[in-house]
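Shown here: upload.cif, mmCIF, C-alpha atoms.
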```
data_coords
#
loop_
_atom_site.label_atom_id
_atom_site.label_comp_id
_atom_site.auth_asym_id
_atom_site.auth_seq_id
_atom_site.Cartn_x
_atom_site.Cartn_y
_atom_site.Cartn_z
CA MET A 228 0.22 14.12 16.64
CA LYS A 229 -1.48 11.34 18.57
CA LYS A 230 -0.59 7.80 17.51
CA ARG A 231 -2.50 4.53 17.35
CA ILE A 232 -1.40 0.96 16.66
CA LEU A 233 -2.22 -0.38 13.20
CA GLY A 234 -3.51 -3.79 14.27
CA LYS A 235 -1.14 -6.72 14.13
CA THR A 236 1.33 -4.83 11.95
CA GLY A 237 2.50 -3.30 15.22
CA PHE A 238 3.11 0.02 13.45
CA GLU A 239 2.56 3.08 15.64
CA ILE A 240 1.02 5.51 13.19
CA SER A 241 -0.47 8.99 13.24
CA GLU A 242 -4.21 8.86 13.85
CA ILE A 243 -4.63 11.49 11.14
CA SER A 244 -2.60 10.32 8.17
CA ILE A 245 -2.84 11.07 4.46
CA GLY A 246 -4.26 9.52 1.33
CA THR A 247 -2.69 10.50 -1.98
CA TRP A 248 -5.44 10.07 -4.56
CA GLN A 249 -5.33 13.81 -5.37
CA VAL A 250 -2.00 14.74 -3.79
CA GLY A 251 -0.55 15.82 -7.16
CA GLY A 252 -3.47 18.12 -7.87
CA LYS A 253 -7.23 18.11 -7.80
CA TRP A 254 -9.10 15.10 -9.16
CA GLY A 255 -8.99 14.99 -12.94
CA GLU A 256 -5.89 17.15 -13.35
CA ASP A 257 -2.43 16.13 -14.54
CA PHE A 258 -0.09 15.07 -11.74
CA ASN A 259 1.97 17.94 -10.34
CA HIS A 260 5.12 16.65 -8.61
CA ALA A 261 6.07 20.03 -7.13
CA ASN A 262 2.67 20.27 -5.48
CA ALA A 263 2.88 16.66 -4.27
CA ASP A 264 6.25 17.37 -2.67
CA ARG A 265 4.88 20.42 -0.87
CA ILE A 266 1.87 18.52 0.45
CA LEU A 267 3.80 15.46 1.59
CA ASN A 268 6.51 17.51 3.27
CA ALA A 269 3.82 19.52 5.06
CA ALA A 270 2.24 16.28 6.22
CA VAL A 271 5.49 14.96 7.67
CA ASP A 272 6.23 18.35 9.24
CA CYS A 273 2.87 18.09 11.03
CA GLY A 274 3.70 14.66 12.46
CA ILE A 275 2.02 12.41 9.90
CA ASN A 276 4.00 9.19 9.46
CA PHE A 277 1.62 6.96 7.45
CA ILE A 278 1.08 7.57 3.74
CA ASP A 279 -1.46 5.67 1.65
CA THR A 280 -1.09 5.53 -2.12
CA ALA A 281 -1.87 3.18 -5.03
CA ASP A 282 -0.30 2.20 -8.32
CA VAL A 283 -3.22 3.71 -10.25
CA TYR A 284 -3.06 7.14 -8.58
CA GLY A 285 -1.62 9.37 -11.27
CA ASN A 286 -0.69 6.21 -13.18
CA GLY A 287 2.22 5.54 -10.83
CA GLU A 288 3.23 9.17 -10.33
CA SER A 289 1.78 9.27 -6.81
CA GLU A 290 3.94 6.30 -5.82
CA LYS A 291 6.99 8.06 -7.21
CA ALA A 292 6.22 11.13 -5.11
CA VAL A 293 5.78 8.96 -2.01
CA GLY A 294 9.08 7.22 -2.67
CA ARG A 295 10.79 10.57 -3.01
CA ILE A 296 9.51 11.81 0.36
CA VAL A 297 10.57 8.57 2.08
CA HIS A 298 14.12 8.94 0.79
CA SER A 299 14.37 12.68 1.48
CA ARG A 300 13.26 12.61 5.13
CA SER A 301 14.93 11.20 8.21
CA GLU A 302 11.66 10.27 9.94
CA ARG A 303 10.38 6.68 9.85
CA LEU A 304 7.51 6.84 7.37
CA PHE A 305 5.17 3.90 6.88
CA VAL A 306 4.12 3.37 3.28
CA ALA A 307 0.95 1.64 2.15
CA THR A 308 0.13 1.11 -1.50
CA LYS A 309 -2.42 -0.95 -3.40
CA CYS A 310 -2.62 -3.28 -6.37
CA GLY A 311 -5.30 -4.75 -8.59
CA ARG A 312 -7.13 -1.78 -10.08
CA LYS A 313 -4.88 -1.77 -13.13
CA LEU A 314 -6.65 -4.90 -14.32
CA SER A 315 -8.90 -4.17 -17.27
CA PRO A 316 -11.56 -5.31 -17.19
CA HIS A 317 -11.47 -5.26 -13.42
CA GLU A 318 -13.06 -8.65 -12.76
CA ASP A 319 -12.36 -11.72 -10.66
CA LYS A 320 -10.85 -13.89 -13.40
CA ALA A 321 -8.28 -11.18 -14.14
CA TYR A 322 -6.86 -11.60 -10.64
CA GLN A 323 -3.92 -13.97 -11.07
CA PRO A 324 -0.92 -14.40 -8.71
CA ALA A 325 1.67 -13.77 -11.43
CA ILE A 326 0.00 -10.52 -12.47
CA LEU A 327 -0.35 -9.28 -8.90
CA ARG A 328 3.30 -10.12 -8.25
CA LYS A 329 4.26 -7.94 -11.23
CA PHE A 330 2.15 -5.08 -9.85
CA VAL A 331 3.93 -5.30 -6.48
CA GLU A 332 7.34 -5.36 -8.15
CA ASP A 333 6.38 -2.34 -10.28
CA SER A 334 5.35 -0.44 -7.14
CA LEU A 335 8.71 -1.22 -5.53
CA LYS A 336 10.41 0.24 -8.59
CA ASN A 337 8.18 3.32 -8.63
CA MET A 338 9.03 4.08 -5.00
CA ASN A 339 12.63 2.86 -5.16
CA LEU A 340 12.01 0.67 -2.13
CA GLU A 341 13.20 -2.80 -1.23
CA THR A 342 10.16 -3.55 0.93
CA ILE A 343 6.60 -2.21 1.09
CA ASP A 344 5.31 -1.80 4.64
CA LEU A 345 1.72 -2.57 3.65
CA ILE A 346 0.42 -3.79 0.30
CA GLN A 347 -3.35 -3.79 -0.10
CA LEU A 348 -5.61 -5.47 -2.59
CA HIS A 349 -7.43 -2.55 -4.17
CA CYS A 350 -11.17 -3.17 -3.85
CA PRO A 351 -11.18 -6.56 -5.59
CA PRO A 352 -14.45 -8.05 -6.87
CA THR A 353 -16.49 -9.83 -4.22
CA GLU A 354 -15.75 -13.25 -5.79
CA THR A 355 -12.01 -12.77 -5.31
CA TYR A 356 -12.36 -13.02 -1.54
CA ASN A 357 -13.19 -16.70 -2.00
CA ARG A 358 -9.85 -17.52 -3.68
CA PRO A 359 -7.17 -18.50 -1.12
CA GLU A 360 -4.44 -18.65 -3.79
CA ILE A 361 -4.68 -14.88 -4.20
CA PHE A 362 -4.08 -14.30 -0.51
CA ASP A 363 -1.40 -17.01 -0.33
CA LEU A 364 0.71 -15.10 -2.87
CA PHE A 365 1.41 -12.41 -0.30
CA ASN A 366 2.84 -14.93 2.16
CA THR A 367 5.39 -15.74 -0.52
CA LEU A 368 6.12 -12.07 -1.18
CA LYS A 369 6.62 -11.54 2.55
CA LYS A 370 9.13 -14.42 2.71
CA GLU A 371 10.96 -12.82 -0.22
CA GLY A 372 11.19 -9.54 1.70
CA LYS A 373 9.15 -7.57 -0.81
CA ILE A 374 6.34 -6.76 1.61
CA LEU A 375 5.90 -6.69 5.38
CA ASN A 376 2.12 -6.88 5.58
CA LEU A 377 -1.01 -7.53 3.54
CA GLY A 378 -4.19 -5.51 3.78
CA VAL A 379 -7.37 -5.14 1.77
CA SER A 380 -9.29 -2.07 0.67
CA VAL A 381 -12.98 -2.92 0.44
CA GLU A 382 -16.24 -1.48 -0.82
CA LYS A 383 -18.72 -3.40 1.34
CA VAL A 384 -18.90 -4.57 4.95
CA GLU A 385 -19.44 -8.18 3.84
CA GLU A 386 -16.17 -8.04 1.92
CA ALA A 387 -14.38 -6.74 5.00
CA LEU A 388 -15.75 -9.58 7.12
CA LYS A 389 -14.65 -12.13 4.53
CA ALA A 390 -11.20 -10.59 4.14
CA ILE A 391 -10.31 -10.87 7.82
CA GLU A 392 -10.96 -14.59 7.76
CA TYR A 393 -7.52 -14.82 6.15
CA ASP A 394 -4.88 -14.81 8.90
CA ASN A 395 -2.39 -12.84 6.82
CA VAL A 396 -4.77 -9.88 6.36
CA THR A 397 -3.49 -7.35 8.87
CA THR A 398 -5.54 -4.29 7.89
CA VAL A 399 -8.79 -3.31 6.21
CA GLN A 400 -9.30 0.02 4.53
CA ILE A 401 -12.99 0.89 4.48
CA ILE A 402 -15.22 3.91 3.87
CA PHE A 403 -16.30 5.17 7.28
CA ASN A 404 -17.77 8.57 8.03
CA MET A 405 -20.92 10.23 9.35
CA PHE A 406 -22.73 9.05 6.21
CA ARG A 407 -21.32 5.50 6.28
CA GLN A 408 -21.75 4.19 9.82
CA ARG A 409 -22.53 0.52 9.18
CA PRO A 410 -18.91 -0.70 9.59
CA ALA A 411 -19.13 0.17 13.29
CA GLU A 412 -22.02 -2.24 13.85
CA GLU A 413 -20.44 -5.69 13.34
CA PHE A 414 -17.19 -5.32 11.46
CA PHE A 415 -15.36 -3.22 14.05
CA ALA A 416 -15.96 -5.83 16.76
CA GLU A 417 -14.79 -8.69 14.52
CA ALA A 418 -11.69 -6.75 13.48
CA ALA A 419 -10.84 -6.06 17.12
CA LYS A 420 -11.09 -9.78 17.93
CA ARG A 421 -8.56 -10.55 15.22
CA ASN A 422 -6.38 -7.49 15.93
CA VAL A 423 -6.93 -6.16 12.41
CA GLY A 424 -6.09 -2.51 11.85
CA ILE A 425 -8.82 -0.28 10.43
CA ILE A 426 -7.97 2.50 7.99
CA ALA A 427 -10.88 4.89 7.49
CA ARG A 428 -11.04 6.28 3.97
CA VAL A 429 -13.31 8.84 2.28
CA PRO A 430 -13.76 10.44 5.73
CA LEU A 431 -15.34 13.62 4.37
CA ALA A 432 -17.68 11.92 1.86
CA SER A 433 -15.82 13.41 -1.12
CA GLY A 434 -16.00 16.85 0.48
CA LEU A 435 -19.70 16.86 1.39
CA LEU A 436 -18.83 16.80 5.08
CA THR A 437 -16.67 19.91 4.84
CA GLY A 438 -19.93 21.86 4.78
CA LYS A 439 -18.57 24.03 1.97
CA PHE A 440 -20.70 22.71 -0.88
CA SER A 441 -24.06 23.98 -2.11
CA PRO A 442 -26.54 23.04 -4.85
CA ALA A 443 -24.67 25.48 -7.09
CA THR A 444 -21.24 23.87 -6.59
CA THR A 445 -19.72 22.51 -9.80
CA PHE A 446 -16.86 20.07 -10.41
CA SER A 447 -14.47 19.77 -13.34
CA SER A 448 -15.21 17.18 -16.03
CA GLY A 449 -12.31 14.99 -14.88
CA ASP A 450 -13.47 14.99 -11.24
CA HIS A 451 -15.22 11.78 -10.15
CA ARG A 452 -17.75 13.94 -8.32
CA ALA A 453 -18.93 15.13 -11.72
CA PHE A 454 -19.00 11.85 -13.64
CA ASN A 455 -19.40 9.00 -11.13
CA ARG A 456 -22.42 9.96 -9.03
CA ASN A 457 -24.30 6.85 -10.16
CA GLY A 458 -21.28 4.54 -10.42
CA GLU A 459 -20.66 5.05 -14.13
CA ALA A 460 -16.88 4.57 -13.82
CA PHE A 461 -16.43 2.64 -10.53
CA ASP A 462 -18.36 1.81 -7.39
CA LYS A 463 -20.72 4.70 -6.72
CA GLY A 464 -20.07 4.34 -3.00
CA GLU A 465 -16.72 6.06 -3.56
CA THR A 466 -18.42 9.28 -4.69
CA PHE A 467 -20.17 11.23 -1.91
CA SER A 468 -20.25 7.88 -0.04
CA GLY A 469 -23.05 6.80 -2.36
CA ILE A 470 -25.43 9.52 -1.14
CA ASP A 471 -27.58 11.59 -3.48
CA TYR A 472 -25.83 14.95 -3.56
CA LEU A 473 -28.83 17.13 -2.68
CA LYS A 474 -29.99 14.78 0.08
CA GLY A 475 -26.45 14.82 1.43
CA LEU A 476 -26.53 18.61 1.59
CA GLU A 477 -29.79 18.47 3.57
CA ALA A 478 -28.21 16.09 6.08
CA VAL A 479 -25.13 18.31 6.36
CA ALA A 480 -27.35 21.28 7.18
CA GLU A 481 -28.90 19.30 10.04
CA ILE A 482 -25.49 18.23 11.35
CA LYS A 483 -24.33 21.84 11.40
CA ASN A 484 -27.19 22.69 13.75
CA LEU A 485 -25.65 20.39 16.38
CA PHE A 486 -22.57 22.62 16.66
CA PRO A 487 -21.67 26.29 17.12
CA LYS A 488 -22.01 28.32 13.91
CA ASP A 489 -18.28 29.10 13.69
CA ILE A 490 -17.08 25.50 13.98
CA GLU A 491 -15.12 23.89 11.14
CA LEU A 492 -17.28 20.97 10.03
CA ALA A 493 -14.41 19.04 8.39
CA ALA A 494 -12.57 18.84 11.70
CA VAL A 495 -15.78 17.71 13.41
CA ALA A 496 -16.29 14.98 10.79
CA LEU A 497 -12.75 13.68 11.34
CA LYS A 498 -13.12 13.87 15.13
CA TRP A 499 -16.33 11.87 14.89
CA ILE A 500 -14.35 9.03 13.31
CA LEU A 501 -11.65 9.25 15.97
CA MET A 502 -14.32 8.74 18.63
CA PHE A 503 -14.24 5.06 17.60
CA SER A 504 -11.23 3.48 19.29
CA GLN A 505 -11.18 0.59 16.80
CA VAL A 506 -10.11 2.96 14.02
CA SER A 507 -6.33 2.93 13.60
CA CYS A 508 -6.11 6.01 11.40
CA ILE A 509 -7.96 8.25 8.98
CA ILE A 510 -6.55 9.04 5.53
CA PRO A 511 -8.09 12.28 4.26
CA GLY A 512 -6.67 13.55 1.00
CA ALA A 513 -5.22 16.95 0.30
CA SER A 514 -4.69 18.97 -2.85
CA ARG A 515 -2.80 21.77 -1.08
CA PRO A 516 -0.68 22.02 2.12
CA GLU A 517 -3.23 24.13 4.01
CA GLN A 518 -5.64 21.21 3.98
CA ILE A 519 -3.10 19.15 5.94
CA VAL A 520 -3.06 21.75 8.71
CA SER A 521 -6.85 21.79 8.74
CA ASN A 522 -7.09 18.00 8.90
CA ILE A 523 -4.78 17.56 11.88
CA ARG A 524 -6.85 19.94 14.02
CA ALA A 525 -9.19 17.02 14.62
CA SER A 526 -6.48 15.16 16.51
CA ARG A 527 -6.12 18.06 18.93
CA SER A 528 -9.78 19.03 19.32
CA ASP A 529 -12.15 18.13 22.14
CA ASN A 530 -14.23 14.98 21.97
CA LEU A 531 -17.78 15.27 20.70
CA SER A 532 -20.44 15.22 23.41
CA ASP A 533 -22.85 12.32 23.91
CA MET A 534 -25.65 14.59 22.70
CA GLN A 535 -23.77 15.44 19.51
CA MET A 536 -22.92 11.79 18.82
CA THR A 537 -26.56 10.82 19.36
CA GLY A 538 -27.74 13.63 17.10
CA ILE A 539 -25.44 12.53 14.28
CA LYS A 540 -26.64 8.95 14.68
CA GLN A 541 -30.26 10.04 14.41
CA ILE A 542 -29.61 12.09 11.28
CA TYR A 543 -27.86 9.10 9.73
CA GLU A 544 -30.71 6.73 10.60
CA ASN A 545 -33.42 9.11 9.38
CA ARG A 546 -31.83 10.59 6.27
CA ILE A 547 -28.90 8.44 5.11
CA TRP A 548 -29.48 4.79 5.97
CA PRO A 549 -32.74 4.53 3.99
CA GLU A 550 -30.78 5.67 0.91
CA ILE A 551 -27.91 3.19 1.17
CA ALA A 552 -29.26 0.13 3.01
CA LYS A 553 -29.69 -1.98 -0.12
CA GLU A 554 -26.04 -1.47 -1.11
CA LYS A 555 -24.71 -3.31 2.00
CA TRP A 556 -22.41 -0.40 2.79
#
```
Representation of the structure as C-alpha cells:
Amino acid sequence: MKKRILGKTGFEISEISIGTWQVGGKWGEDFNHANADRILNAAVDCGINFIDTADVYGNGESEKAVGRIVHSRSERLFVATKCGRKLSPHEDKAYQPAILRKFVEDSLKNMNLETIDLIQLHCPPTETYNRPEIFDLFNTLKKEGKILNLGVSVEKVEEALKAIEYDNVTTVQIIFNMFRQRPAEEFFAEAAKRNVGIIARVPLASGLLTGKFSPATTFSSGDHRAFNRNGEAFDKGETFSGIDYLKGLEAVAEIKNLFPKDIELAAVALKWILMFSQVSCIIPGASRPEQIVSNIRASRSDNLSDMQMTGIKQIYENRIWPEIAKEKW
C-alpha cells in the first residue's frame, strides 16, 4: 500500500484507508460486530493503517469495533473519530466546550484508548467556525494528552477555508469525487500552503460512481440513499454528493465511455482522486471484506491519462456543476 503524509500531523498513512459509517453492516441495519471485525482485519491485512470513525456511527458501536482492532493488532494504526453530531438539535448554540469535552472522553472510553490520534469536529454549523473558544478547547485536550491532533469534517468549501485559519486544525475531511470537484479549485492550494492534510470522503458518491446502479435500483428504508435525497435528515450533499439520482446515472454512463468496457469504475473513481497530490488519503466505506480488496486496487492501478482526466472534467462541468453550483459545494 502506498503511503502519504497527513499534513502537519506527520502521520504516514495509507492513501486508501477506510471509513466506518457502514462497517458493521449496510446503512440502516443494526450494527454487526462480527462483520465489523472481519472488515477491519481485512483492511489491516491489506496494508490500511488509518481508520476513520465517529461517535454517532452505530451509536458508539463503530468506535468500539475500532478500539478492538487497535488492541488486537501489532501494527501501528492511526485512529480518527469525530464529535458534535450527537447534539440535538444540531445547531451552533448547542456547541459548548464542556459538552464537546464529554464527547471526546466518551470516545476514549468506547475505544479503550488513552489518546485519540485525530479528533474531528463533525460537520458543525457554519456559524461555529467563527467561535475561537470551540477550537481552543482542543489545545487544552492536547495538553492533557487526550488527543494528538484536531481536524474538521466539513460540508462546504467555504467552511473548509475558514477552518484552516485556525492554526491547530491539522486536517480537513471533505467530500471530493468526480461529482464534487470544487475543492480542488481554491481549497487544495490553501491547504497545501498551511500543510493541512486532506481526507477525501464520499469518494464514490454513495455508490453512484461504482457504475452498478440503475433507475430500478432500490434501497432499504433505513438507508440514507432512500430517505435523504433532498436533505430531509441531514445535509443532502452527503447523499449521492447532492446530485439528482437519475442525472447522476446519465453522467456515470458518459464517464464509462472514457474507459474500456471491462474496467471497474469504482477503482477508476478512487484513482481519479489519487491523481491529486494534495489529497492525503481516501476513506471509502465497506460493508463486506471483498469491498476492501476492490478499493485498494486503485492504489496499484495505472494513472489516468490526460485525455481521461479532461473528459471527466468536461462531464462534470456540463452535467454536474450546473446542478450543485448554488450549494457552494
Can you turn the PyMOL selection byres ((chain A and resi 421-426) around 8) into a concrete residue list for this file, as JSON, numbers by chain?
{"A": [232, 233, 234, 235, 236, 391, 396, 397, 398, 399, 400, 401, 417, 418, 419, 420, 427, 428, 505, 506, 507, 508, 509, 510]}
For the residues selected in the previous step, produce a file with C-alpha atoms as a PDB file, keeping the file's coordinate frame.
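The file below, again_27.pdb, is the result:
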```pdb
ATOM      1  CA  ILE A 232      -1.400   0.960  16.660  1.00  0.00           C
ATOM      2  CA  LEU A 233      -2.220  -0.380  13.200  1.00  0.00           C
ATOM      3  CA  GLY A 234      -3.510  -3.790  14.270  1.00  0.00           C
ATOM      4  CA  LYS A 235      -1.140  -6.720  14.130  1.00  0.00           C
ATOM      5  CA  THR A 236       1.330  -4.830  11.950  1.00  0.00           C
ATOM      6  CA  ILE A 391     -10.310 -10.870   7.820  1.00  0.00           C
ATOM      7  CA  VAL A 396      -4.770  -9.880   6.360  1.00  0.00           C
ATOM      8  CA  THR A 397      -3.490  -7.350   8.870  1.00  0.00           C
ATOM      9  CA  THR A 398      -5.540  -4.290   7.890  1.00  0.00           C
ATOM     10  CA  VAL A 399      -8.790  -3.310   6.210  1.00  0.00           C
ATOM     11  CA  GLN A 400      -9.300   0.020   4.530  1.00  0.00           C
ATOM     12  CA  ILE A 401     -12.990   0.890   4.480  1.00  0.00           C
ATOM     13  CA  GLU A 417     -14.790  -8.690  14.520  1.00  0.00           C
ATOM     14  CA  ALA A 418     -11.690  -6.750  13.480  1.00  0.00           C
ATOM     15  CA  ALA A 419     -10.840  -6.060  17.120  1.00  0.00           C
ATOM     16  CA  LYS A 420     -11.090  -9.780  17.930  1.00  0.00           C
ATOM     17  CA  ALA A 427     -10.880   4.890   7.490  1.00  0.00           C
ATOM     18  CA  ARG A 428     -11.040   6.280   3.970  1.00  0.00           C
ATOM     19  CA  GLN A 505     -11.180   0.590  16.800  1.00  0.00           C
ATOM     20  CA  VAL A 506     -10.110   2.960  14.020  1.00  0.00           C
ATOM     21  CA  SER A 507      -6.330   2.930  13.600  1.00  0.00           C
ATOM     22  CA  CYS A 508      -6.110   6.010  11.400  1.00  0.00           C
ATOM     23  CA  ILE A 509      -7.960   8.250   8.980  1.00  0.00           C
ATOM     24  CA  ILE A 510      -6.550   9.040   5.530  1.00  0.00           C
TER      25      ILE A 510
END
```
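Remark: for Val429 in chain A, the closest of the candidate residues A:Gly294, A:Pro359, A:Pro487, A:Gly464 is A:Gly464 (distances computed over all atoms listed in the file).
Closest to Ile245 in chain A among A:Leu267, A:Leu473, A:Leu431, A:Phe403 is A:Leu267, based on all atoms listed in the file.
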Can you tell me how far CA of Thr437 in chain A sits from CA of Phe277 in chain A, in Å to one decimal?
22.6 Å
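Between CA of Glu288 in chain A and CA of Gln518 in chain A the separation is 20.7 Å.
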Let me know the centre plus edge lengths, in Å and rounded to one decimal, of a box with edges along x, y and z that contains all listed atoms of range 387-398 of chain A and is padded by 3 Å on every side, as AutoDock Vina command-line options.
```
--center_x -9.1 --center_y -9.6 --center_z 6.5 --size_x 19.4 --size_y 16.5 --size_z 10.8
```
List the residues selected by the PyMOL selection byres ((chain A and resi 278) around 9) in the file shown, writing them as an mmCIF file with C-alpha atoms, keeping the file's coordinate frame.
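Once everything was written out, this is out13.cif:
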```cif
data_model
loop_
_atom_site.group_PDB
_atom_site.id
_atom_site.type_symbol
_atom_site.label_atom_id
_atom_site.label_comp_id
_atom_site.auth_asym_id
_atom_site.auth_seq_id
_atom_site.Cartn_x
_atom_site.Cartn_y
_atom_site.Cartn_z
ATOM 1 C CA SER A 244 -2.600 10.320 8.170
ATOM 2 C CA ILE A 245 -2.840 11.070 4.460
ATOM 3 C CA GLY A 246 -4.260 9.520 1.330
ATOM 4 C CA THR A 247 -2.690 10.500 -1.980
ATOM 5 C CA LEU A 267 3.800 15.460 1.590
ATOM 6 C CA ILE A 275 2.020 12.410 9.900
ATOM 7 C CA ASN A 276 4.000 9.190 9.460
ATOM 8 C CA PHE A 277 1.620 6.960 7.450
ATOM 9 C CA ASP A 279 -1.460 5.670 1.650
ATOM 10 C CA THR A 280 -1.090 5.530 -2.120
ATOM 11 C CA VAL A 293 5.780 8.960 -2.010
ATOM 12 C CA LEU A 304 7.510 6.840 7.370
ATOM 13 C CA PHE A 305 5.170 3.900 6.880
ATOM 14 C CA VAL A 306 4.120 3.370 3.280
ATOM 15 C CA ALA A 307 0.950 1.640 2.150
ATOM 16 C CA THR A 308 0.130 1.110 -1.500
ATOM 17 C CA ILE A 510 -6.550 9.040 5.530
#
```
Of A:Ile490, A:Leu501, A:Ile523, A:Cys350, the one sitting nearest Gly438 in chain A when using only C-alpha atoms is A:Ile490
Met228 in chain A environment, 9 Å, all atoms listed in the file, sequence neighbours closer than 5 positions dropped, as a PyMOL selection string:
chain A and resi 241-243+273-275+523+526-527
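Atom to atom, CA of Ser380 in chain A and CA of His349 in chain A stand 5.2 Å apart.
Comparing A:Leu345, A:Gly311, A:Asn455, A:Ile482 by their smallest distance to Gly237 in chain A, the closest is A:Leu345 (using only C-alpha atoms).
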Residues within 10 Å of Lys439 in chain A, all atoms listed in the file, excluding chain neighbours under 4 positions, as JSON, numbers by chain:
{"A": [434, 435, 444, 476, 479, 491, 492, 493]}
For the residues in that selection, give me C-alpha atoms as a PDB file, keeping the file's coordinate frame.
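The result, stored in selection-v8.pdb:
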```
ATOM      1  CA  GLY A 434     -16.000  16.850   0.480  1.00  0.00           C
ATOM      2  CA  LEU A 435     -19.700  16.860   1.390  1.00  0.00           C
ATOM      3  CA  THR A 444     -21.240  23.870  -6.590  1.00  0.00           C
ATOM      4  CA  LEU A 476     -26.530  18.610   1.590  1.00  0.00           C
ATOM      5  CA  VAL A 479     -25.130  18.310   6.360  1.00  0.00           C
ATOM      6  CA  GLU A 491     -15.120  23.890  11.140  1.00  0.00           C
ATOM      7  CA  LEU A 492     -17.280  20.970  10.030  1.00  0.00           C
ATOM      8  CA  ALA A 493     -14.410  19.040   8.390  1.00  0.00           C
TER       9      ALA A 493
END
```
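Among the candidate residues A:Asn337, A:Asn484, A:Ser315, A:Asn404, the one lying nearest to Gln535 in chain A is A:Asn484, with distances computed using all atoms listed in the file.
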